[in-house]
file start30.tsv (TSV, C-alpha atoms)
chain	number	residue	atom	x	y	z
A	21	MET	CA	4.68	-5.37	38.44
A	22	ASN	CA	3.86	-1.64	38.17
A	23	LEU	CA	3.05	0.10	34.89
A	24	LEU	CA	6.58	1.26	34.03
A	25	GLU	CA	7.99	-2.17	34.87
A	26	ASP	CA	5.43	-3.75	32.53
A	27	LEU	CA	6.32	-1.27	29.77
A	28	LYS	CA	10.01	-2.13	30.26
A	29	PHE	CA	9.30	-5.87	30.11
A	30	ARG	CA	7.49	-5.31	26.84
A	31	GLY	CA	10.30	-3.15	25.44
A	32	LEU	CA	7.93	-0.22	25.07
A	33	ILE	CA	10.15	2.50	26.56
A	34	ASN	CA	12.58	4.07	24.13
A	35	GLN	CA	13.28	7.39	25.89
A	36	VAL	CA	11.83	9.11	28.94
A	37	THR	CA	12.67	12.61	30.12
A	38	ASP	CA	12.78	11.85	33.85
A	39	GLU	CA	12.07	8.22	34.61
A	40	GLU	CA	12.42	8.52	38.38
A	41	GLY	CA	10.15	11.57	38.47
A	42	LEU	CA	7.57	9.93	36.20
A	43	GLU	CA	7.52	6.75	38.27
A	44	LYS	CA	6.91	8.84	41.40
A	45	LEU	CA	4.13	10.81	39.69
A	46	LEU	CA	2.39	7.66	38.43
A	47	SER	CA	2.47	6.15	41.93
A	48	GLU	CA	1.06	9.28	43.57
A	49	GLU	CA	-1.76	10.33	41.22
A	50	LYS	CA	-3.91	9.33	38.30
A	51	VAL	CA	-2.16	11.10	35.46
A	52	LYS	CA	-3.65	12.64	32.34
A	53	LEU	CA	-1.56	11.82	29.28
A	54	TYR	CA	-1.94	12.21	25.55
A	55	SER	CA	-0.69	11.04	22.19
A	56	GLY	CA	-1.39	12.76	18.89
A	57	PHE	CA	-2.63	11.27	15.60
A	58	ASP	CA	-2.52	13.47	12.52
A	59	PRO	CA	-5.13	12.77	9.81
A	60	THR	CA	-2.68	12.24	6.94
A	61	GLY	CA	-4.95	9.54	5.46
A	62	ASP	CA	-8.50	8.26	5.73
A	63	SER	CA	-7.47	5.47	8.10
A	64	LEU	CA	-4.91	4.66	10.76
A	65	HIS	CA	-2.58	1.72	10.04
A	66	ILE	CA	-0.86	-0.79	12.29
A	67	GLY	CA	2.08	1.55	12.75
A	68	HIS	CA	-0.31	3.63	14.88
A	69	LEU	CA	-1.29	0.68	17.06
A	70	LEU	CA	1.67	0.93	19.42
A	71	PRO	CA	0.92	4.43	20.79
A	72	ILE	CA	-2.83	3.63	20.81
A	73	LEU	CA	-2.30	0.45	22.83
A	74	THR	CA	0.15	2.22	25.13
A	75	LEU	CA	-2.58	4.75	25.94
A	76	ARG	CA	-4.83	1.78	26.67
A	77	ARG	CA	-2.23	0.27	29.01
A	78	PHE	CA	-2.12	3.54	30.95
A	79	GLN	CA	-5.92	3.55	31.16
A	80	GLN	CA	-5.98	-0.01	32.45
A	81	ALA	CA	-3.56	1.13	35.17
A	82	GLY	CA	-6.08	3.80	36.22
A	83	HIS	CA	-4.75	6.84	34.36
A	84	HIS	CA	-6.62	9.20	32.01
A	85	PRO	CA	-5.70	8.93	28.30
A	86	ILE	CA	-6.39	11.68	25.77
A	87	ALA	CA	-6.31	10.69	22.10
A	88	LEU	CA	-5.56	13.90	20.23
A	89	VAL	CA	-6.65	14.13	16.60
A	90	GLY	CA	-4.52	16.65	14.73
A	91	GLY	CA	-7.22	18.54	12.86
A	92	ALA	CA	-4.92	21.60	12.75
A	93	THR	CA	-1.47	19.98	12.61
A	94	GLY	CA	-2.79	17.67	9.90
A	95	LEU	CA	-3.19	20.78	7.73
A	96	ILE	CA	0.52	21.57	8.17
A	97	GLY	CA	2.42	18.26	8.00
A	98	ASP	CA	4.96	16.78	10.40
A	99	PRO	CA	8.49	16.66	8.90
A	100	SER	CA	9.53	13.92	11.37
A	101	GLY	CA	10.81	10.86	9.53
A	102	LYS	CA	10.02	12.38	6.13
A	103	LYS	CA	12.61	13.04	3.41
A	104	ALA	CA	10.44	15.50	1.49
A	105	GLU	CA	7.53	17.89	2.00
A	106	ARG	CA	4.12	16.35	2.51
A	107	THR	CA	1.35	17.19	0.08
A	108	LEU	CA	-0.99	19.66	1.79
A	109	ASN	CA	-4.58	18.48	2.01
A	110	THR	CA	-7.66	20.68	1.83
A	111	SER	CA	-9.60	21.57	4.97
A	112	ASP	CA	-12.65	19.49	4.04
A	113	ILE	CA	-10.49	16.41	3.44
A	114	VAL	CA	-8.71	16.85	6.79
A	115	VAL	CA	-12.07	17.25	8.57
A	116	GLU	CA	-13.38	14.06	6.95
A	117	TRP	CA	-10.23	12.11	7.81
A	118	SER	CA	-10.23	13.52	11.36
A	119	ASN	CA	-13.74	12.16	11.91
A	120	ARG	CA	-12.79	8.73	10.56
A	121	ILE	CA	-9.71	8.56	12.78
A	122	LYS	CA	-11.78	9.67	15.77
A	123	ASP	CA	-14.14	6.72	15.16
A	124	GLN	CA	-11.20	4.29	14.89
A	125	LEU	CA	-9.58	5.52	18.10
A	126	SER	CA	-12.89	4.98	19.89
A	127	ARG	CA	-12.52	1.21	19.43
A	128	PHE	CA	-9.43	0.87	21.58
A	129	MET	CA	-10.09	2.83	24.75
A	130	ASP	CA	-12.96	2.93	27.21
A	131	PHE	CA	-14.83	6.22	26.89
A	132	GLU	CA	-17.51	5.14	29.35
A	133	ALA	CA	-15.23	4.17	32.27
A	134	ALA	CA	-16.68	5.33	35.57
A	135	GLU	CA	-13.46	6.70	37.08
A	136	ASN	CA	-11.04	7.35	34.21
A	137	PRO	CA	-12.84	7.61	30.86
A	138	ALA	CA	-10.68	8.20	27.79
A	139	VAL	CA	-11.17	11.48	25.94
A	140	ILE	CA	-10.93	12.44	22.28
A	141	ALA	CA	-9.65	15.96	21.57
A	142	ASN	CA	-8.95	17.86	18.35
A	143	ASN	CA	-6.24	20.53	18.26
A	144	HIS	CA	-8.17	22.45	15.60
A	145	ASP	CA	-10.41	23.60	18.47
A	146	TRP	CA	-7.69	25.83	19.97
A	147	ILE	CA	-5.16	26.40	17.20
A	148	SER	CA	-7.78	27.70	14.73
A	149	GLU	CA	-8.81	30.41	17.23
A	150	MET	CA	-5.31	31.87	17.50
A	151	ASN	CA	-4.34	34.80	15.26
A	152	ILE	CA	-0.88	35.11	13.74
A	153	ILE	CA	0.22	37.99	16.01
A	154	THR	CA	-0.65	36.06	19.17
A	155	PHE	CA	1.06	32.96	17.80
A	156	LEU	CA	4.30	34.81	17.02
A	157	ARG	CA	4.40	36.93	20.20
A	158	ASP	CA	3.16	34.47	22.82
A	159	VAL	CA	4.37	31.15	21.41
A	160	GLY	CA	7.03	31.68	18.74
A	161	LYS	CA	9.03	34.00	21.03
A	162	ASN	CA	9.89	30.98	23.19
A	163	PHE	CA	11.70	29.13	20.39
A	164	GLY	CA	15.23	29.97	19.32
A	165	ILE	CA	16.15	29.20	15.73
A	166	ASN	CA	19.33	27.38	16.81
A	167	TYR	CA	17.27	25.22	19.19
A	168	MET	CA	14.86	24.28	16.41
A	169	LEU	CA	17.63	23.64	13.88
A	170	ALA	CA	19.23	21.15	16.28
A	171	LYS	CA	16.15	18.90	16.30
A	172	ASP	CA	16.46	15.72	14.23
A	173	SER	CA	13.18	16.34	12.39
A	174	VAL	CA	14.61	19.62	11.04
A	175	GLN	CA	18.28	18.65	10.86
A	176	SER	CA	17.54	15.69	8.56
A	177	ARG	CA	15.78	17.98	6.11
A	178	ILE	CA	18.22	20.90	5.95
A	179	GLU	CA	20.00	19.61	2.84
A	180	SER	CA	16.91	18.46	0.92
A	181	GLY	CA	14.94	21.51	2.02
A	182	ILE	CA	12.16	22.30	4.46
A	183	SER	CA	9.46	24.95	4.16
A	184	TYR	CA	8.62	27.41	6.92
A	185	THR	CA	5.26	25.61	7.15
A	186	GLU	CA	6.78	22.28	8.19
A	187	PHE	CA	9.53	24.06	10.16
A	188	SER	CA	6.76	25.54	12.34
A	189	TYR	CA	5.16	22.15	13.02
A	190	MET	CA	7.24	21.66	16.16
A	191	ILE	CA	5.86	24.88	17.62
A	192	LEU	CA	2.26	23.84	16.94
A	193	GLN	CA	2.74	20.45	18.61
A	194	SER	CA	4.41	22.18	21.55
A	195	LEU	CA	1.37	24.44	21.81
A	196	ASP	CA	-0.83	21.33	22.04
A	197	PHE	CA	1.09	20.09	25.07
A	198	LEU	CA	0.98	23.53	26.73
A	199	HIS	CA	-2.76	23.87	26.07
A	200	LEU	CA	-3.56	20.42	27.50
A	201	TYR	CA	-1.25	21.04	30.46
A	202	LYS	CA	-2.99	24.33	31.33
A	203	ASP	CA	-6.54	23.32	30.39
A	204	VAL	CA	-6.84	19.79	31.79
A	205	ASN	CA	-3.60	19.31	33.79
A	206	CYS	CA	-2.17	16.83	31.26
A	207	LYS	CA	1.37	16.04	32.44
A	208	LEU	CA	2.62	13.38	30.04
A	209	GLN	CA	2.95	13.11	26.27
A	210	ILE	CA	3.78	9.80	24.60
A	211	GLY	CA	4.67	9.13	20.99
A	212	GLY	CA	6.88	7.23	18.59
A	213	SER	CA	10.65	7.63	18.80
A	214	ASP	CA	10.53	10.07	15.88
A	215	GLN	CA	8.51	12.44	18.09
A	216	TRP	CA	11.21	12.95	20.72
A	217	GLY	CA	12.19	16.37	19.37
A	218	ASN	CA	8.58	17.58	19.25
A	219	ILE	CA	7.84	16.23	22.73
A	220	THR	CA	10.89	17.84	24.35
A	221	ALA	CA	10.09	21.12	22.58
A	222	GLY	CA	6.65	20.99	24.21
A	223	LEU	CA	8.22	20.41	27.60
A	224	GLU	CA	10.48	23.41	27.03
A	225	LEU	CA	7.48	25.61	26.16
A	226	ILE	CA	5.66	24.47	29.31
A	227	ARG	CA	8.77	25.21	31.41
A	228	LYS	CA	9.03	28.73	30.01
A	229	SER	CA	5.32	29.48	30.23
A	230	GLU	CA	4.29	28.02	33.59
A	231	GLU	CA	5.95	28.54	36.95
A	232	ASN	CA	7.02	25.39	38.81
A	233	ALA	CA	5.63	23.26	36.03
A	234	LYS	CA	6.52	19.60	35.88
A	235	ALA	CA	5.64	17.55	32.82
A	236	PHE	CA	7.10	14.47	31.18
A	237	GLY	CA	7.72	12.88	27.82
A	238	LEU	CA	8.01	9.21	26.88
A	239	THR	CA	8.69	7.67	23.49
A	240	ILE	CA	7.98	4.20	22.17
A	241	PRO	CA	10.49	2.38	19.94
A	242	LEU	CA	10.15	2.20	16.19
A	243	VAL	CA	8.76	-1.21	15.24
A	244	THR	CA	11.21	-3.09	13.02
A	245	LYS	CA	11.30	-6.47	11.29
A	246	ALA	CA	14.20	-8.88	11.60
A	247	ASP	CA	14.45	-9.35	7.81
A	248	GLY	CA	15.01	-5.64	7.28
A	249	THR	CA	11.70	-4.96	5.51
A	250	LYS	CA	9.37	-2.24	6.78
A	251	PHE	CA	6.90	-3.24	9.47
A	252	GLY	CA	3.26	-2.97	8.46
A	253	LYS	CA	3.89	-3.22	4.73
A	254	THR	CA	3.06	-6.05	2.33
A	255	GLU	CA	3.10	-6.40	-1.44
A	256	GLY	CA	-0.42	-5.00	-1.39
A	257	GLY	CA	0.65	-1.92	0.60
A	258	ALA	CA	0.07	-0.83	4.18
A	259	ILE	CA	-1.91	-2.87	6.71
A	260	TRP	CA	-4.81	-0.58	7.64
A	261	LEU	CA	-7.16	-0.63	10.63
A	262	ASP	CA	-10.10	0.03	8.27
A	263	ARG	CA	-11.57	-3.33	7.22
A	264	GLU	CA	-12.56	-1.88	3.84
A	265	LYS	CA	-8.88	-1.15	3.06
A	266	THR	CA	-7.43	-4.27	4.70
A	267	SER	CA	-9.91	-7.12	5.22
A	268	PRO	CA	-9.92	-9.02	8.54
A	269	TYR	CA	-8.57	-12.06	6.65
A	270	GLU	CA	-5.64	-10.08	5.21
A	271	PHE	CA	-5.07	-8.55	8.64
A	272	TYR	CA	-5.04	-11.99	10.27
A	273	GLN	CA	-2.67	-13.34	7.61
A	274	PHE	CA	-0.21	-10.49	8.17
A	275	TRP	CA	0.18	-11.43	11.83
A	276	ILE	CA	0.18	-15.21	11.36
A	277	ASN	CA	3.04	-14.89	8.88
A	278	THR	CA	5.25	-13.14	11.44
A	279	ASP	CA	8.89	-14.23	11.38
A	280	ASP	CA	9.96	-16.46	14.30
A	281	ARG	CA	12.59	-13.82	15.12
A	282	ASP	CA	9.90	-11.14	15.60
A	283	VAL	CA	6.95	-12.96	17.10
A	284	MET	CA	7.87	-12.65	20.79
A	285	LYS	CA	8.56	-8.93	20.41
A	286	TYR	CA	5.21	-8.42	18.71
A	287	LEU	CA	3.37	-10.41	21.38
A	288	LYS	CA	4.82	-8.04	23.99
A	289	PHE	CA	4.09	-4.94	21.92
A	290	PHE	CA	0.63	-5.64	20.54
A	291	THR	CA	-1.18	-7.95	22.99
A	292	PHE	CA	-2.31	-7.71	26.59
A	293	LEU	CA	-1.17	-11.25	27.44
A	294	THR	CA	0.47	-11.56	30.84
A	295	LYS	CA	4.21	-11.99	31.33
A	296	GLU	CA	3.57	-15.62	32.27
A	297	ASP	CA	1.55	-16.31	29.11
A	298	ILE	CA	4.21	-14.70	26.92
A	299	GLU	CA	7.02	-16.65	28.57
A	300	ALA	CA	5.07	-19.90	28.10
A	301	LEU	CA	4.66	-19.14	24.39
A	302	GLU	CA	8.37	-18.33	24.20
A	303	MET	CA	9.14	-21.85	25.47
A	304	GLU	CA	6.82	-23.32	22.81
A	305	VAL	CA	8.65	-21.38	20.10
A	306	LYS	CA	11.99	-22.79	21.29
A	307	GLU	CA	10.75	-26.36	21.67
A	308	ALA	CA	8.36	-26.66	18.71
A	309	PRO	CA	8.71	-23.70	16.32
A	310	GLU	CA	7.01	-25.68	13.54
A	311	LYS	CA	3.68	-25.49	15.41
A	312	ARG	CA	3.75	-21.67	15.13
A	313	SER	CA	1.73	-21.43	18.35
A	314	ALA	CA	3.00	-17.92	19.08
A	315	GLN	CA	2.06	-16.65	15.61
A	316	LYS	CA	-1.44	-18.12	15.92
A	317	ARG	CA	-1.97	-16.52	19.31
A	318	LEU	CA	-0.61	-13.18	18.08
A	319	ALA	CA	-2.90	-13.21	15.02
A	320	GLU	CA	-5.91	-14.16	17.14
A	321	GLU	CA	-5.33	-11.54	19.83
A	322	VAL	CA	-4.68	-8.59	17.51
A	323	THR	CA	-7.39	-9.46	14.96
A	324	LYS	CA	-9.99	-9.86	17.70
A	325	MET	CA	-8.96	-6.58	19.31
A	326	VAL	CA	-9.10	-4.60	16.04
A	327	HIS	CA	-11.97	-6.29	14.20
A	328	GLY	CA	-13.92	-8.27	16.81
A	329	GLU	CA	-14.62	-11.92	17.59
A	330	ALA	CA	-16.87	-12.57	14.57
A	331	ALA	CA	-14.29	-11.21	12.12
A	332	LEU	CA	-11.57	-13.33	13.75
A	333	GLU	CA	-13.69	-16.49	13.39
A	334	GLN	CA	-14.33	-15.60	9.76
A	335	ALA	CA	-10.59	-15.08	9.09
A	336	ILE	CA	-9.78	-18.46	10.66
A	337	ARG	CA	-12.54	-20.13	8.63
A	338	ILE	CA	-11.20	-18.66	5.37
A	339	SER	CA	-7.66	-19.75	6.27
A	340	LYS	CA	-8.75	-23.32	7.02
A	341	ALA	CA	-10.86	-23.54	3.85
A	342	LEU	CA	-7.98	-22.35	1.67
A	343	PHE	CA	-5.59	-24.80	3.34
A	344	SER	CA	-7.96	-27.77	2.96
A	345	GLY	CA	-9.34	-26.73	-0.43
A	346	SER	CA	-12.93	-26.62	0.90
A	347	ILE	CA	-13.76	-23.50	-1.09
A	348	SER	CA	-17.47	-24.29	-1.48
A	349	GLU	CA	-17.92	-23.89	2.30
A	350	LEU	CA	-17.11	-20.18	2.11
A	351	SER	CA	-19.63	-17.34	1.68
A	352	ALA	CA	-19.32	-14.77	-1.10
A	353	ASP	CA	-17.98	-12.20	1.38
A	354	GLU	CA	-15.35	-14.68	2.55
A	355	ILE	CA	-14.41	-15.46	-1.06
A	356	LYS	CA	-14.00	-11.73	-1.68
A	357	GLN	CA	-11.63	-11.46	1.28
A	358	GLY	CA	-9.65	-14.63	0.67
A	359	PHE	CA	-9.12	-14.05	-3.05
A	360	LYS	CA	-8.82	-10.28	-3.13
A	361	ASP	CA	-5.42	-10.28	-4.82
A	362	VAL	CA	-5.70	-13.22	-7.23
A	363	PRO	CA	-6.23	-12.72	-10.99
A	364	SER	CA	-9.90	-12.32	-11.83
A	365	PHE	CA	-12.17	-12.41	-14.88
A	366	GLN	CA	-15.64	-10.93	-15.26
A	367	VAL	CA	-18.26	-13.06	-17.05
A	368	GLU	CA	-21.06	-11.04	-18.61
A	369	GLY	CA	-24.53	-12.54	-18.98
A	370	GLU	CA	-26.11	-15.67	-17.64
A	371	GLU	CA	-25.30	-18.14	-20.41
A	372	GLU	CA	-23.66	-21.47	-19.57
A	373	LEU	CA	-20.08	-21.99	-20.77
A	374	LEU	CA	-17.91	-24.99	-21.49
A	375	LEU	CA	-15.14	-25.19	-18.91
A	376	VAL	CA	-12.60	-25.39	-21.75
A	377	ASP	CA	-13.89	-22.12	-23.21
A	378	LEU	CA	-13.94	-20.38	-19.81
A	379	LEU	CA	-10.33	-21.37	-19.14
A	380	VAL	CA	-9.23	-19.78	-22.43
A	381	MET	CA	-11.49	-16.69	-22.13
A	382	SER	CA	-10.17	-15.93	-18.64
A	383	LYS	CA	-6.55	-16.62	-19.73
A	384	ILE	CA	-6.20	-19.35	-17.11
A	385	ALA	CA	-5.03	-21.51	-20.02
A	386	PRO	CA	-3.31	-20.02	-23.11
A	387	SER	CA	-5.13	-22.27	-25.61
A	388	LYS	CA	-7.89	-24.86	-25.92
A	389	ARG	CA	-5.28	-27.55	-26.37
A	390	GLN	CA	-3.61	-26.59	-23.08
A	391	ALA	CA	-7.00	-26.27	-21.36
A	392	ARG	CA	-7.97	-29.80	-22.39
A	393	GLU	CA	-4.58	-31.11	-21.29
A	394	ASP	CA	-4.91	-29.41	-17.88
A	395	ILE	CA	-8.40	-30.85	-17.35
A	396	THR	CA	-7.37	-34.36	-18.43
A	397	ASN	CA	-4.31	-34.29	-16.16
A	398	GLY	CA	-6.39	-33.26	-13.13
A	399	ALA	CA	-4.74	-29.84	-12.86
A	400	ILE	CA	-8.06	-27.94	-12.71
A	401	SER	CA	-10.25	-27.60	-9.63
A	402	ILE	CA	-13.60	-25.79	-9.41
A	403	ASN	CA	-14.47	-24.43	-5.96
A	404	GLY	CA	-12.05	-26.93	-4.47
A	405	GLU	CA	-13.26	-29.96	-6.43
A	406	LYS	CA	-11.00	-31.52	-9.09
A	407	GLU	CA	-12.59	-31.61	-12.54
A	408	GLN	CA	-11.46	-33.98	-15.35
A	409	ASP	CA	-14.53	-33.97	-17.60
A	410	LEU	CA	-13.69	-32.32	-20.94
A	411	ALA	CA	-17.40	-31.83	-21.61
A	412	ARG	CA	-17.96	-30.05	-18.28
A	413	VAL	CA	-20.38	-27.13	-18.59
A	414	MET	CA	-20.22	-24.28	-16.07
A	415	THR	CA	-23.71	-23.53	-14.74
A	416	THR	CA	-25.23	-21.24	-12.13
A	417	ALA	CA	-24.77	-24.09	-9.62
A	418	ASP	CA	-21.01	-23.41	-9.79
A	419	ARG	CA	-21.49	-19.81	-8.64
A	420	ILE	CA	-21.06	-19.21	-4.92
A	421	GLU	CA	-24.05	-17.06	-3.93
A	422	GLY	CA	-24.38	-16.27	-7.63
A	423	GLN	CA	-21.25	-14.11	-7.51
A	424	PHE	CA	-18.03	-16.13	-7.73
A	425	THR	CA	-16.38	-19.30	-8.96
A	426	VAL	CA	-12.88	-20.13	-7.76
A	427	ILE	CA	-10.71	-22.05	-10.22
A	428	ARG	CA	-7.36	-23.48	-9.26
A	429	ARG	CA	-4.76	-24.51	-11.83
A	430	GLY	CA	-2.05	-26.75	-10.42
A	431	LYS	CA	-1.40	-26.64	-6.68
A	432	LYS	CA	-1.21	-22.93	-5.98
A	433	LYS	CA	-2.48	-20.80	-8.88
A	434	TYR	CA	-5.94	-19.45	-8.02
A	435	PHE	CA	-8.24	-17.47	-10.31
A	436	LEU	CA	-11.51	-15.76	-9.43
A	437	ILE	CA	-14.41	-15.76	-11.89
A	438	LYS	CA	-16.87	-12.96	-11.16
A	439	TYR	CA	-20.51	-12.74	-12.28
call {"tool": "encode", "arguments": {"input": "start30.tsv", "output": "structure tokens"}}
result
Amino acid sequence: MNLLEDLKFRGLINQVTDEEGLEKLLSEEKVKLYSGFDPTGDSLHIGHLLPILTLRRFQQAGHHPIALVGGATGLIGDPSGKKAERTLNTSDIVVEWSNRIKDQLSRFMDFEAAENPAVIANNHDWISEMNIITFLRDVGKNFGINYMLAKDSVQSRIESGISYTEFSYMILQSLDFLHLYKDVNCKLQIGGSDQWGNITAGLELIRKSEENAKAFGLTIPLVTKADGTKFGKTEGGAIWLDREKTSPYEFYQFWINTDDRDVMKYLKFFTFLTKEDIEALEMEVKEAPEKRSAQKRLAEEVTKMVHGEAALEQAIRISKALFSGSISELSADEIKQGFKDVPSFQVEGEEELLLVDLLVMSKIAPSKRQAREDITNGAISINGEKEQDLARVMTTADRIEGQFTVIRRGKKKYFLIKY
């Protein structure tokens, strides 16, 4: 199976400008290709994973990927897929975010490969050097207003309004493609389906600027969820690639909770499992969906790829401990990850407290009477151990690494006591 056939099997080709020509090019030479990532936040999220991993697939097939950080375009704002103007960020913020994103991209591609190392580029390096006269005469002259107005990214914003700043974004991205084509012979741009208009505009600029030029564009489908909710979002917000924003345990849980209707698609999109492995998992889903084998494999593969083997093992350990109730086996860091979103209460000082008093102080129980009733009925557990002693005193021995106590009321209501 060649590269394009593998991409088709995985459902990763949404649109391609000249499939036959691209297939011929990929079979004849090792192609330089790029995808852009604007620093619109301090971290990439899992919505960015698809183009990143597609670059990686091209590298594994022997081609030369360029991960382009939009240090300049990030100062402007891409109108694609947006209903309103983006908030403009300051230069120092964009520089800081660009550096963070550069570090994250470095995890997914091989920058030390002997024959086809990946490259990180930043479009601020060439766009910042261009003056306004040169930009208007040499670049802007190639774009007709009617042509730009016909693009979806602009068309969708005509009624709600679009500034000249965001209107010009297409030209800047086109300039990126032209620069990389001329400077390093980059012949292919890939991106999400919302980037089709920007990609084809770049191809048009190359055609007008370079004689006998031949370049290509390929887009990847928008990732959707079968239940209609937005991919990559949870009640806590976006699923980030930065472990400080989304812990490895939360990351693992996102994938393991994948709907049966989506899991095979995500295995094709986000893992490097072979066609045979994926088809075997598909049979398991049909024959024994209750085992959730595909979800477990998906969660393991993606968590290991993004956060590493140790973080995956930790996420699995937290999951097992929460399922079995063996809370005392977890470290303080694992407690912090596993109980990040549960109600918490801060205890000041080192004094020992009656369990009844702690339950009321932390609002786990609304009154002492209810607290006593909960304890007597066996509804209270401390670090996974049921407690029915009304005279129970909470001591430093109940504090995991001196930092946390986990109290459960009933079967599912967890509370985190912090010290």
call {"tool": "atom_distance", "arguments": {"input": "start30.tsv", "atom1": "CA of Asp98 (chain A)", "atom2": "CA of Gly211 (chain A)"}}
result
13.1 Å
call {"tool": "closest_residue", "arguments": {"input": "start30.tsv", "among": "A:Asp262, A:Glu421, A:Glu270, A:Glu354", "to": "Gln334 (chain A)", "atoms": "all atoms listed in the file"}}
result
A:Glu354
call {"tool": "closest_residue", "arguments": {"input": "start30.tsv", "among": "A:Asn151, A:Gln79, A:Thr266, A:Ser183", "to": "Lys360 (chain A)", "atoms": "only C-alpha atoms"}}
result
A:Thr266
call {"tool": "residues_around", "arguments": {"input": "start30.tsv", "residues": "Ala385 (chain A)", "least_positions_apart": "5", "cutoff": "12 Å", "atoms": "all atoms listed in the file", "output": "NGL selection string"}}
result
:A and (375-380 or 390-395 or 399-400 or 427-430 or 433 or 435)
call {"tool": "residues_around", "arguments": {"input": "start30.tsv", "residues": "Phe29 (chain A)", "least_positions_apart": "6", "cutoff": "10 Å", "atoms": "all atoms listed in the file", "output": "number ranges by chain"}}
result
A: 21, 23, 288-289, 295
call {"tool": "atom_distance", "arguments": {"input": "start30.tsv", "atom1": "CA of Met129 (chain A)", "atom2": "CA of Thr254 (chain A)"}}
result
27.5 Å
call {"tool": "closest_residue", "arguments": {"input": "start30.tsv", "among": "A:Leu436, A:Asp26, A:Glu329, A:Asn397", "to": "Asp361 (chain A)", "atoms": "only C-alpha atoms"}}
result
A:Leu436
call {"tool": "closest_residue", "arguments": {"input": "start30.tsv", "among": "A:Glu372, A:Glu405, A:Asp297, A:Glu307", "to": "Gly345 (chain A)", "atoms": "only C-alpha atoms"}}
result
A:Glu405
call {"tool": "closest_residue", "arguments": {"input": "start30.tsv", "among": "A:Pro137, A:Leu88, A:Ser364, A:Ile96", "to": "Tyr184 (chain A)", "atoms": "only C-alpha atoms"}}
result
A:Ile96
call {"tool": "atom_distance", "arguments": {"input": "start30.tsv", "atom1": "CA of Val362 (chain A)", "atom2": "CA of Ile384 (chain A)"}}
result
11.6 Å
call {"tool": "residues_around", "arguments": {"input": "start30.tsv", "residues": "Trp146 (chain A)", "least_positions_apart": "5", "cutoff": "10 Å", "atoms": "all atoms listed in the file", "output": "number ranges by chain"}}
result
A: 92, 195-196, 199
call {"tool": "closest_residue", "arguments": {"input": "start30.tsv", "among": "A:Ile147, A:Ile165, A:Leu374, A:Ala133", "to": "Arg412 (chain A)", "atoms": "only C-alpha atoms"}}
result
A:Leu374
call {"tool": "residues_near_point", "arguments": {"input": "start30.tsv", "point": "(8.7, -19.0, 22.5)", "cutoff": "10 Å", "atoms": "all atoms listed in the file", "output": "PyMOL selection string"}}
result
chain A and resi 280-281+283-284+298-309+312-315
call {"tool": "residues_around", "arguments": {"input": "start30.tsv", "residues": "Asp123 (chain A)", "least_positions_apart": "4", "cutoff": "12 Å", "atoms": "all atoms listed in the file", "output": "list in words"}}
result
Asp62, Ser63, Leu64, Ala87, Val89, Glu116, Trp117, Ser118, Asn119, Arg127, Phe128, Met129, Phe131, Ile140, Leu261 and Asp262 of chain A
call {"tool": "residues_around", "arguments": {"input": "start30.tsv", "residues": "Tyr189 (chain A)", "least_positions_apart": "5", "cutoff": "12 Å", "atoms": "all atoms listed in the file", "output": "PyMOL selection string"}}
result
chain A and resi 58+90+92-100+147+160+168+171+173-174+182-184+194-196+215+217-219+221-222
call {"tool": "write_last_selection", "arguments": {"input": "start30.tsv", "atoms": "C-alpha atoms", "output": "mmCIF file, keeping the file's coordinate frame"}}
result
data_model
loop_
_atom_site.group_PDB
_atom_site.id
_atom_site.type_symbol
_atom_site.label_atom_id
_atom_site.label_comp_id
_atom_site.auth_asym_id
_atom_site.auth_seq_id
_atom_site.Cartn_x
_atom_site.Cartn_y
_atom_site.Cartn_z
ATOM 1 C CA ASP A 58 -2.520 13.470 12.520
ATOM 2 C CA GLY A 90 -4.520 16.650 14.730
ATOM 3 C CA ALA A 92 -4.920 21.600 12.750
ATOM 4 C CA THR A 93 -1.470 19.980 12.610
ATOM 5 C CA GLY A 94 -2.790 17.670 9.900
ATOM 6 C CA LEU A 95 -3.190 20.780 7.730
ATOM 7 C CA ILE A 96 0.520 21.570 8.170
ATOM 8 C CA GLY A 97 2.420 18.260 8.000
ATOM 9 C CA ASP A 98 4.960 16.780 10.400
ATOM 10 C CA PRO A 99 8.490 16.660 8.900
ATOM 11 C CA SER A 100 9.530 13.920 11.370
ATOM 12 C CA ILE A 147 -5.160 26.400 17.200
ATOM 13 C CA GLY A 160 7.030 31.680 18.740
ATOM 14 C CA MET A 168 14.860 24.280 16.410
ATOM 15 C CA LYS A 171 16.150 18.900 16.300
ATOM 16 C CA SER A 173 13.180 16.340 12.390
ATOM 17 C CA VAL A 174 14.610 19.620 11.040
ATOM 18 C CA ILE A 182 12.160 22.300 4.460
ATOM 19 C CA SER A 183 9.460 24.950 4.160
ATOM 20 C CA TYR A 184 8.620 27.410 6.920
ATOM 21 C CA SER A 194 4.410 22.180 21.550
ATOM 22 C CA LEU A 195 1.370 24.440 21.810
ATOM 23 C CA ASP A 196 -0.830 21.330 22.040
ATOM 24 C CA GLN A 215 8.510 12.440 18.090
ATOM 25 C CA GLY A 217 12.190 16.370 19.370
ATOM 26 C CA ASN A 218 8.580 17.580 19.250
ATOM 27 C CA ILE A 219 7.840 16.230 22.730
ATOM 28 C CA ALA A 221 10.090 21.120 22.580
ATOM 29 C CA GLY A 222 6.650 20.990 24.210
#
